[in-house]
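Peer 1: Below you will find the structure I want to go over with you.
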Amino acid sequence: TTGLDFGDSLHLSLGVKNIGDLAASNLRARVTSPSAYITMTDTSEVYPDLAAGQAEVVPNGFAFRVSDTIPDNITVRFNVTARNPDSSWNSHFSLTSRAPGLKIQSLAIYDTSGGNHNHRFDPGETDDVAVTVSNTGEFPCPAVSVLLSSDSPFLTILSDSAFAGTINPSQQAVLHYTVHVSNSAPTSAGVDLNLSATSGKYKRHAVFHEIIGMLVEDWETDTFLKFPWSSGGGAVWYLSNVNPFEGTWCVKSGTIYDSQNTQLWVPYYSGAEDSISFYYKTSTELGYDFLKFYVDNVLQGQWSGETPWSRAAFDVPAGNHIFKWIYQKDLAESQGQDRVWLDFIVFPVPFVPVIGGVKDDTICAGMTCSLHATVQQYDSLRWSTNGDGSFSDPQIASPVYTPGSEDIIKGRVKLELSAFNQYGLNVKDMTLLIAGIPVAVISVFPGDTVCHWQNIRLSADTTNAYSYLWTPGDFPLDTIYIDTTLAGGLGTKLFRLKVTNYAGCYRTDSVWLTFKYCVGIQDRPMEFSVNIFPNPTKGDFTVDIFSLSMETIVISIEDLLQNKVFEEKNVMVSGAMRKSYNFANLPSGIYILKIFRNDGTVSRKLIIDR
């Protein structure tokens with residue numbers, strides 16, 4: 001195969017070539033993969049003897065299953081180990097996955113029905129939330145459904161689920177939800193919209209942060225204190241409760257005379273490219289005495305004459321600005337009330353706090369995590385967790401988080417930083433992965449002291465392991481075989497093991513091995529031995545058999561009711577031999593592995609535990 005299609009059960013034909021100048025005999029190859037998306041169902045194959053330069057392929061010699069949740073277009077590594085009684089060789093190859101690519105693309109708010117058309121949540125509105133879902137993979141996404149939820153007390157989701165059917169590759173679908181905003185929702189309150197998309201066994205999650213409410217100056221506080229207003233020129237502006245556009249209060253221009261002006265201005269930081277809108281009313285000399293509006297001293301619009309309450313809106317780029325309203329009179333004459341009024345100014349999206357440095361991280365179990373957030377333009381901040389750990393100080397940007405026992409058991413925890421200022425809040429979250437410490441325990445077979453003509457198998461515990469390093473020799477395998485050549489001859493030598501997990505956490509172990517010259521009866525090793533590993537097993541295990549002399553045996557497996565579930569006859573053994581089995585079809589339980597010899601029967605307990 002050249003690709004890994006999700007959910008497939010595949011056979012692998014692996015070619016082996018002897019590039020040496022001597023024949024290779026009794027060759028056995030083993031294929032494994034560290035990927036969680038691959039399950040090997042046939043990992044071992046025996047190859048015929050290879051002459052120098054000869055190549056052989058065993059058709060469908062190996063088999064594996066591809067997870068039906070594997071992501072699209074990821075590279076999966078396979079490790080190959082080939083051995084004969086004298087040597088071992090290591091190699092690897094990679095394949096690319098092909099699968100559906102379910103993705104939550106974007107979220108938009110439409111408040112065109114009963115709202116103020118600003119594409120944001122506002123108190124009292126019932127809005128349409130549109131979610132775009134796409135398929136970036138190579139296979140269709142069938143039966144796509146998306147659930148919308150929120151923990152905000154200010155939002156009521158009236159329709160929380162939507163179905164898109166099948167989304168073909170490179171296509172997208174737009175799903176709609178109805179959301180009501182509470183009348184009591186405070187201005188600039190932050191809310192999280194959580195989306196969970198499902199297609200078959202594929203699941204995707206996304207969180208969108210939104211702010212409720214417009215930032216409005218309507219002078220209903222009966223003051224100029226809500227924003228840093230300034231007023232000047234020939235006269236200042238005043239509050240007025242006579243015929244406002246809405247509510248009780250508006251503002252009106254001060255009393256000025258020919259060739260004078262009265263000004264009202266406010267500094268403001270726009271957090272994004274947006275717009276400013278306001279309502280105005282004029283009673284002035286038409287074409288001569290004007291209400292003028294400026295952004296950063298650039299005239300945007302002007303109005304004169306008898307104008308009832310009318311709305312004006314202008315685009316505003318992100319950044320610092322000065323918004324200024326001026327009533328300017330010409331050289332002579334006055335008409336009407338010689339006044340202008342303003343009400344209900346809707347400012348651009350506010351400059352909420354800026355948060356940086358909050359990103360996913362990984363630590364080893366038993367360690368703390370030093371957080372390195374940066375926060376600007378904030379009045380206060382707060383860290384929170386969905387786990388049971390604690391912060392050294394949750395009200396500073398860069399505290400130290402100590403995971404709790406539940407965090408460690410789950411292997412992950414979500415940390416969230418909320419920063420607040422007078423205009424609103426910003427929220428950033430991160431996932432902290434907590435990697436289990438690997439186990440470094442060496443298993444020795446048949447023993448740590450053997451005769452000069454024997455070899456010793458060293459095996460590492462694979463719990464939480466990602467990579468291995470044996471020294472001397474720098475072998476990157478979970479199991480190695482040591483003879484006098486690798487040990488440097490007769491005598492005693494120390495072999496070390498370093499086991500590392502995916503997060504770089506490691507543990508070490510070591511063992512002293514002794515090779516001695518055997519000449520007498522007292523030096524003879526055990527005549528026959530059997531070892532099963534791993535045990536307990538999920539169904540995939542290896543049996544190591546050692547016989548001092550050549551003999552023919554029968555290998556049998558029985559359940560506790562003595563029902564025979566497996567038998568292999570006429571097995572020839574001389575010296576050390578390894579047999580690999582996969583019994584994924586057997587139910588969990590205790591079984592008895594029996595070796596029938598001419599001299600009797602050897603039994604070992606086998607535990608299958610899923």
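Lettering and numbering for the structure tokens are positional, with chains as A, B, ... in the shown order, residues counted from 1 in each chain, and ligands counted from 1 in the shown order.
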Please list as number ranges by chain every residue within 6 Å of segment 596-599 of chain A, counting only C-alpha atoms and excluding residues in the same chain fewer than 2 positions away.
Peer 2: A: 553-554, 601
Peer 1: Take the residues just selected and output them with all heavy atoms as an mmCIF file, in the first residue's frame.
Peer 2:
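What landed in selection06.cif:
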```cif
data_model
loop_
_atom_site.group_PDB
_atom_site.id
_atom_site.type_symbol
_atom_site.label_atom_id
_atom_site.label_comp_id
_atom_site.auth_asym_id
_atom_site.auth_seq_id
_atom_site.Cartn_x
_atom_site.Cartn_y
_atom_site.Cartn_z
ATOM 1 N N ILE A 553 9.256 -30.621 20.156
ATOM 2 C CA ILE A 553 8.267 -30.354 21.204
ATOM 3 C C ILE A 553 6.919 -30.036 20.572
ATOM 4 O O ILE A 553 6.801 -29.799 19.364
ATOM 5 C CB ILE A 553 8.701 -29.190 22.107
ATOM 6 C CG1 ILE A 553 8.821 -27.908 21.271
ATOM 7 C CG2 ILE A 553 10.013 -29.507 22.818
ATOM 8 C CD1 ILE A 553 9.110 -26.659 22.093
ATOM 9 N N VAL A 554 5.888 -30.023 21.410
ATOM 10 C CA VAL A 554 4.540 -29.590 21.037
ATOM 11 C C VAL A 554 4.168 -28.420 21.945
ATOM 12 O O VAL A 554 4.331 -28.497 23.164
ATOM 13 C CB VAL A 554 3.513 -30.735 21.184
ATOM 14 C CG1 VAL A 554 2.106 -30.220 20.893
ATOM 15 C CG2 VAL A 554 3.862 -31.891 20.270
ATOM 16 N N THR A 601 6.274 -32.492 30.769
ATOM 17 C CA THR A 601 5.525 -31.311 30.341
ATOM 18 C C THR A 601 5.935 -30.107 31.180
ATOM 19 O O THR A 601 6.050 -30.205 32.409
ATOM 20 C CB THR A 601 4.014 -31.536 30.488
ATOM 21 O OG1 THR A 601 3.635 -32.676 29.720
ATOM 22 C CG2 THR A 601 3.230 -30.316 29.998
#
```
Peer 1: Mind checking which residues fall within 10 Å of Gly411 of chain A, counting only C-alpha atoms, ignoring those fewer than 2 positions away in the same chain, and posting them as a list of chain:residue names?
Peer 2: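 Answer for this query is A:Thr362, A:Ile363, A:Cys364, A:Ala365, A:Pro403, A:Ser405, A:Glu406, A:Asp407, A:Ile408, A:Ile409, A:Val413, A:Leu432, A:Leu433, A:Ile434, A:Ala435, A:Gly436.
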Peer 1: I need the strand (DSSP E) residues of segment 67-147 of chain A per DSSP on the backbone, written as a VMD selection string.
Peer 2: chain A and resid 75 to 83 88 to 98 102 to 110 126 to 135 141 to 147
Peer 1: Can you work out the spacing between atom CA of Lys203 of chain A and atom CA of Val144 of chain A in Å, to one decimal?
Peer 2: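 It comes out at 9.7 Å.
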Peer 1: Skip Trp229 of chain A itself and residues of its chain fewer than 5 positions away, then list as a list in words all residues within 8 Å of it, counting only C-alpha atoms.
Peer 2: Phe224, Leu264, Trp265, Val266 and Pro267 of chain A
Peer 1: Write to file, as an mmCIF file, in the first residue's frame, the residues of the selection just made, with C-alpha atoms.
Peer 2:
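Result file follows (out.cif):
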```cif
data_model
loop_
_atom_site.group_PDB
_atom_site.id
_atom_site.type_symbol
_atom_site.label_atom_id
_atom_site.label_comp_id
_atom_site.auth_asym_id
_atom_site.auth_seq_id
_atom_site.Cartn_x
_atom_site.Cartn_y
_atom_site.Cartn_z
ATOM 1 C CA PHE A 224 -19.711 63.468 31.091
ATOM 2 C CA LEU A 264 -16.753 68.362 22.061
ATOM 3 C CA TRP A 265 -14.100 65.641 21.735
ATOM 4 C CA VAL A 266 -13.009 62.348 23.230
ATOM 5 C CA PRO A 267 -9.885 60.136 22.806
#
```
Peer 1: How many Å separate atom CA of Val16 of chain A from atom CA of Leu95 of chain A?
Peer 2: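 Separation between atom CA of Val16 of chain A and atom CA of Leu95 of chain A: 18.0 Å.
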Peer 1: Can you tell me, as an MDAnalysis selection string, which residues in segment 292-475 of chain A count as alpha helix (DSSP H) by DSSP?
Peer 2: chainID A and resid 405:410
Peer 1: Give me the residues near Tyr294 of chain A as JSON, numbers by chain, where near means some atom within 10 Å (using only C-alpha atoms) and where sequence neighbours in that chain fewer than 5 positions away do not count.
Peer 2: {"A": [265, 299, 300, 301, 302, 322, 323, 324, 325, 326]}
Peer 1: Can you work out which one of A:Thr449, A:Pro348, A:Thr542, A:Gln454 has the shortest atom-to-atom distance to Gly319 of chain A, counting only C-alpha atoms?
Peer 2: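 Among the listed residues, A:Pro348 lies closest to Gly319 of chain A.
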Peer 1: Taking only C-alpha atoms into account, which of A:Ala143, A:Thr552, A:Leu593, A:Asp315 comes nearest Lys564 of chain A?
Peer 2: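 Smallest separation from Lys564 of chain A among the options: A:Leu593.
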Peer 1: Taking 5 positions as the minimum chain separation for residues in the same chain, which residues sit within 12 Å of Lys252 of chain A when counting only C-alpha atoms? Answer as a VMD selection string.
Peer 2: chain A and resid 219 231 235 to 245 262 to 264 280 to 283 291 325 to 327 337 to 343
Peer 1: Create the file for the chosen residues now, containing C-alpha atoms and written as a PDB file, in the first residue's frame.
Peer 2:
```
ATOM      1  CA  TRP A 219     -25.461  60.346  28.639  1.00  0.00           C
ATOM      2  CA  SER A 231     -15.268  70.567  25.668  1.00  0.00           C
ATOM      3  CA  ALA A 235     -18.461  77.705  24.798  1.00  0.00           C
ATOM      4  CA  VAL A 236     -18.785  74.236  26.306  1.00  0.00           C
ATOM      5  CA  TRP A 237     -21.460  71.636  25.524  1.00  0.00           C
ATOM      6  CA  TYR A 238     -24.282  70.916  27.989  1.00  0.00           C
ATOM      7  CA  LEU A 239     -26.498  68.033  29.002  1.00  0.00           C
ATOM      8  CA  SER A 240     -30.135  68.374  27.930  1.00  0.00           C
ATOM      9  CA  ASN A 241     -33.280  66.432  28.796  1.00  0.00           C
ATOM     10  CA  VAL A 242     -35.405  68.118  26.134  1.00  0.00           C
ATOM     11  CA  ASN A 243     -36.483  65.793  23.307  1.00  0.00           C
ATOM     12  CA  PRO A 244     -33.475  63.390  23.303  1.00  0.00           C
ATOM     13  CA  PHE A 245     -33.199  60.747  20.597  1.00  0.00           C
ATOM     14  CA  THR A 262     -17.994  75.130  20.304  1.00  0.00           C
ATOM     15  CA  GLN A 263     -16.240  71.800  20.438  1.00  0.00           C
ATOM     16  CA  LEU A 264     -16.753  68.362  22.061  1.00  0.00           C
ATOM     17  CA  TYR A 280     -27.521  64.220  15.435  1.00  0.00           C
ATOM     18  CA  LYS A 281     -30.075  67.034  15.178  1.00  0.00           C
ATOM     19  CA  THR A 282     -29.499  70.548  13.856  1.00  0.00           C
ATOM     20  CA  SER A 283     -31.380  73.879  13.965  1.00  0.00           C
ATOM     21  CA  LEU A 291     -22.217  70.669  12.784  1.00  0.00           C
ATOM     22  CA  TRP A 325     -17.762  67.305  17.037  1.00  0.00           C
ATOM     23  CA  ILE A 326     -17.709  71.077  16.298  1.00  0.00           C
ATOM     24  CA  TYR A 327     -20.563  73.520  15.844  1.00  0.00           C
ATOM     25  CA  GLN A 337     -32.416  77.714  17.568  1.00  0.00           C
ATOM     26  CA  ASP A 338     -28.784  78.161  16.554  1.00  0.00           C
ATOM     27  CA  ARG A 339     -28.014  74.806  18.212  1.00  0.00           C
ATOM     28  CA  VAL A 340     -26.987  71.222  17.423  1.00  0.00           C
ATOM     29  CA  TRP A 341     -27.568  68.064  19.454  1.00  0.00           C
ATOM     30  CA  LEU A 342     -25.919  64.616  19.785  1.00  0.00           C
ATOM     31  CA  ASP A 343     -27.156  61.341  21.227  1.00  0.00           C
TER      32      ASP A 343
END
```
Peer 1: When you look at Leu27 of chain A with a cut-off of 9 Å (counting only C-alpha atoms), what residues show up, excluding the ones that are within fewer than 3 positions of it in the same chain? I need them as a PDB file with all heavy atoms, in the first residue's frame.
Peer 2:
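Result file part21.pdb:
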```
ATOM      1  N   ALA A  24      22.740 -15.074   4.507  1.00  0.00           N
ATOM      2  CA  ALA A  24      21.981 -14.815   5.738  1.00  0.00           C
ATOM      3  C   ALA A  24      20.931 -15.902   5.881  1.00  0.00           C
ATOM      4  O   ALA A  24      20.111 -16.112   4.986  1.00  0.00           O
ATOM      5  CB  ALA A  24      21.316 -13.445   5.684  1.00  0.00           C
ATOM      6  N   GLU A  45       7.548 -12.261  10.601  1.00  0.00           N
ATOM      7  CA  GLU A  45       7.577 -13.130   9.436  1.00  0.00           C
ATOM      8  C   GLU A  45       8.974 -13.726   9.281  1.00  0.00           C
ATOM      9  O   GLU A  45       9.990 -13.067   9.527  1.00  0.00           O
ATOM     10  CB  GLU A  45       7.214 -12.340   8.173  1.00  0.00           C
ATOM     11  CG  GLU A  45       7.102 -13.186   6.923  1.00  0.00           C
ATOM     12  CD  GLU A  45       6.034 -14.271   7.056  1.00  0.00           C
ATOM     13  OE1 GLU A  45       4.854 -13.921   7.301  1.00  0.00           O
ATOM     14  OE2 GLU A  45       6.390 -15.456   6.952  1.00  0.00           O
ATOM     15  N   VAL A  46       9.014 -15.019   8.893  1.00  0.00           N
ATOM     16  CA  VAL A  46      10.276 -15.711   8.641  1.00  0.00           C
ATOM     17  C   VAL A  46      10.580 -15.641   7.150  1.00  0.00           C
ATOM     18  O   VAL A  46       9.709 -15.888   6.308  1.00  0.00           O
ATOM     19  CB  VAL A  46      10.206 -17.181   9.108  1.00  0.00           C
ATOM     20  CG1 VAL A  46      11.485 -17.924   8.744  1.00  0.00           C
ATOM     21  CG2 VAL A  46       9.954 -17.235  10.607  1.00  0.00           C
ATOM     22  N   TYR A  47      11.819 -15.270   6.819  1.00  0.00           N
ATOM     23  CA  TYR A  47      12.245 -15.153   5.433  1.00  0.00           C
ATOM     24  C   TYR A  47      13.155 -16.332   5.069  1.00  0.00           C
ATOM     25  O   TYR A  47      13.882 -16.864   5.927  1.00  0.00           O
ATOM     26  CB  TYR A  47      12.998 -13.840   5.204  1.00  0.00           C
ATOM     27  CG  TYR A  47      12.090 -12.660   5.063  1.00  0.00           C
ATOM     28  CD1 TYR A  47      11.419 -12.131   6.177  1.00  0.00           C
ATOM     29  CD2 TYR A  47      11.844 -12.064   3.841  1.00  0.00           C
ATOM     30  CE1 TYR A  47      10.562 -11.053   6.064  1.00  0.00           C
ATOM     31  CE2 TYR A  47      10.998 -10.984   3.697  1.00  0.00           C
ATOM     32  CZ  TYR A  47      10.366 -10.481   4.808  1.00  0.00           C
ATOM     33  OH  TYR A  47       9.503  -9.411   4.686  1.00  0.00           O
ATOM     34  N   PRO A  48      13.135 -16.742   3.802  1.00  0.00           N
ATOM     35  CA  PRO A  48      14.042 -17.812   3.378  1.00  0.00           C
ATOM     36  C   PRO A  48      15.482 -17.337   3.430  1.00  0.00           C
ATOM     37  O   PRO A  48      15.767 -16.142   3.498  1.00  0.00           O
ATOM     38  CB  PRO A  48      13.596 -18.095   1.935  1.00  0.00           C
ATOM     39  CG  PRO A  48      12.936 -16.842   1.486  1.00  0.00           C
ATOM     40  CD  PRO A  48      12.278 -16.264   2.712  1.00  0.00           C
ATOM     41  N   ASP A  49      16.404 -18.319   3.436  1.00  0.00           N
ATOM     42  CA  ASP A  49      17.823 -17.975   3.449  1.00  0.00           C
ATOM     43  C   ASP A  49      18.161 -17.117   2.234  1.00  0.00           C
ATOM     44  O   ASP A  49      17.697 -17.371   1.115  1.00  0.00           O
ATOM     45  CB  ASP A  49      18.680 -19.247   3.436  1.00  0.00           C
ATOM     46  CG  ASP A  49      18.491 -20.058   4.721  1.00  0.00           C
ATOM     47  OD1 ASP A  49      17.906 -19.499   5.671  1.00  0.00           O
ATOM     48  OD2 ASP A  49      18.915 -21.225   4.749  1.00  0.00           O
ATOM     49  N   LEU A  50      18.982 -16.095   2.467  1.00  0.00           N
ATOM     50  CA  LEU A  50      19.338 -15.158   1.409  1.00  0.00           C
ATOM     51  C   LEU A  50      20.823 -15.271   1.102  1.00  0.00           C
ATOM     52  O   LEU A  50      21.673 -15.101   1.988  1.00  0.00           O
ATOM     53  CB  LEU A  50      19.026 -13.720   1.819  1.00  0.00           C
ATOM     54  CG  LEU A  50      17.568 -13.381   2.141  1.00  0.00           C
ATOM     55  CD1 LEU A  50      17.455 -11.940   2.589  1.00  0.00           C
ATOM     56  CD2 LEU A  50      16.693 -13.634   0.928  1.00  0.00           C
ATOM     57  N   ALA A  82      15.179  -6.811  11.768  1.00  0.00           N
ATOM     58  CA  ALA A  82      15.457  -8.133  11.194  1.00  0.00           C
ATOM     59  C   ALA A  82      16.581  -8.788  11.995  1.00  0.00           C
ATOM     60  O   ALA A  82      17.593  -8.146  12.297  1.00  0.00           O
ATOM     61  CB  ALA A  82      15.841  -8.008   9.719  1.00  0.00           C
ATOM     62  N   ARG A  83      16.391 -10.069  12.327  1.00  0.00           N
ATOM     63  CA  ARG A  83      17.373 -10.768  13.159  1.00  0.00           C
ATOM     64  C   ARG A  83      17.609 -12.181  12.637  1.00  0.00           C
ATOM     65  O   ARG A  83      16.711 -12.805  12.075  1.00  0.00           O
ATOM     66  CB  ARG A  83      16.895 -10.877  14.610  1.00  0.00           C
ATOM     67  CG  ARG A  83      16.786  -9.584  15.367  1.00  0.00           C
ATOM     68  CD  ARG A  83      16.575  -9.886  16.848  1.00  0.00           C
ATOM     69  NE  ARG A  83      16.456  -8.681  17.640  1.00  0.00           N
ATOM     70  CZ  ARG A  83      15.317  -8.129  18.005  1.00  0.00           C
ATOM     71  NH1 ARG A  83      14.185  -8.693  17.622  1.00  0.00           N
ATOM     72  NH2 ARG A  83      15.298  -7.038  18.741  1.00  0.00           N
ATOM     73  N   ASN A  84      18.812 -12.641  12.857  1.00  0.00           N
ATOM     74  CA  ASN A  84      19.086 -14.074  12.819  1.00  0.00           C
ATOM     75  C   ASN A  84      19.888 -14.399  14.076  1.00  0.00           C
ATOM     76  O   ASN A  84      20.165 -13.497  14.888  1.00  0.00           O
ATOM     77  CB  ASN A  84      19.786 -14.471  11.509  1.00  0.00           C
ATOM     78  CG  ASN A  84      21.204 -13.945  11.402  1.00  0.00           C
ATOM     79  OD1 ASN A  84      21.732 -13.358  12.346  1.00  0.00           O
ATOM     80  ND2 ASN A  84      21.828 -14.134  10.244  1.00  0.00           N
ATOM     81  N   PRO A  85      20.269 -15.617  14.304  1.00  0.00           N
ATOM     82  CA  PRO A  85      20.969 -15.931  15.562  1.00  0.00           C
ATOM     83  C   PRO A  85      22.259 -15.155  15.760  1.00  0.00           C
ATOM     84  O   PRO A  85      22.753 -15.061  16.896  1.00  0.00           O
ATOM     85  CB  PRO A  85      21.222 -17.435  15.452  1.00  0.00           C
ATOM     86  CG  PRO A  85      20.131 -17.936  14.569  1.00  0.00           C
ATOM     87  CD  PRO A  85      19.901 -16.856  13.569  1.00  0.00           C
TER      88      PRO A  85
END
```
Peer 1: Let me make sure I understand: among A:Ala29, A:Ala584, A:Ala460, A:Leu147, which one has the smallest atom-to-atom distance to Pro438 of chain A if we use only C-alpha atoms?
Peer 2: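 Of the candidates, the smallest distance to Pro438 of chain A is held by A:Ala460.
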Peer 1: Please provide as a list in words all residues within 8 Å of His11 of chain A, with the sequence filter that same-chain residues fewer than 4 positions apart are discarded (counting only C-alpha atoms).
Peer 2: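 Here the qualifying residues turn out to be Asn60, Gly61, Phe62, Ala63 and Phe64 of chain A.
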Peer 1: For the residues in the current selection, export N, CA, C and O atoms as a compact mmCIF listing (two decimals), in the first residue's frame.
Peer 2:
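That gives us part_11.txt:
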```txt
# COMPACT_ATOMS: atom_id res chain seq x y z
N ASN A 60 2.20 -10.29 1.59
CA ASN A 60 1.25 -10.15 2.71
C ASN A 60 1.80 -10.76 3.99
O ASN A 60 1.08 -11.38 4.78
N GLY A 61 3.09 -10.56 4.22
CA GLY A 61 3.72 -11.16 5.39
C GLY A 61 3.34 -10.51 6.70
O GLY A 61 3.50 -11.11 7.75
N PHE A 62 2.86 -9.28 6.66
CA PHE A 62 2.52 -8.55 7.87
C PHE A 62 1.11 -7.95 7.70
O PHE A 62 0.63 -7.80 6.58
N ALA A 63 0.48 -7.63 8.81
CA ALA A 63 -0.88 -7.09 8.74
C ALA A 63 -1.08 -6.09 9.87
O ALA A 63 -0.49 -6.21 10.95
N PHE A 64 -1.93 -5.09 9.61
CA PHE A 64 -2.24 -4.10 10.64
C PHE A 64 -3.58 -3.45 10.33
O PHE A 64 -4.09 -3.53 9.21
```
Peer 1: Tell me which of A:Val427, A:Leu513, A:Ala312, A:Leu14 sits closest to Leu458 of chain A, counting only C-alpha atoms.
Peer 2: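 Among the listed residues, the smallest separation from Leu458 of chain A belongs to A:Leu513.
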Peer 1: Counting only C-alpha atoms, which of A:Gln335, A:Ser152, A:Thr374, A:Thr69 gets nearest to Asp8 of chain A?
Peer 2: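 Looking at the shortest contact to Asp8 of chain A, the residue is A:Thr69.
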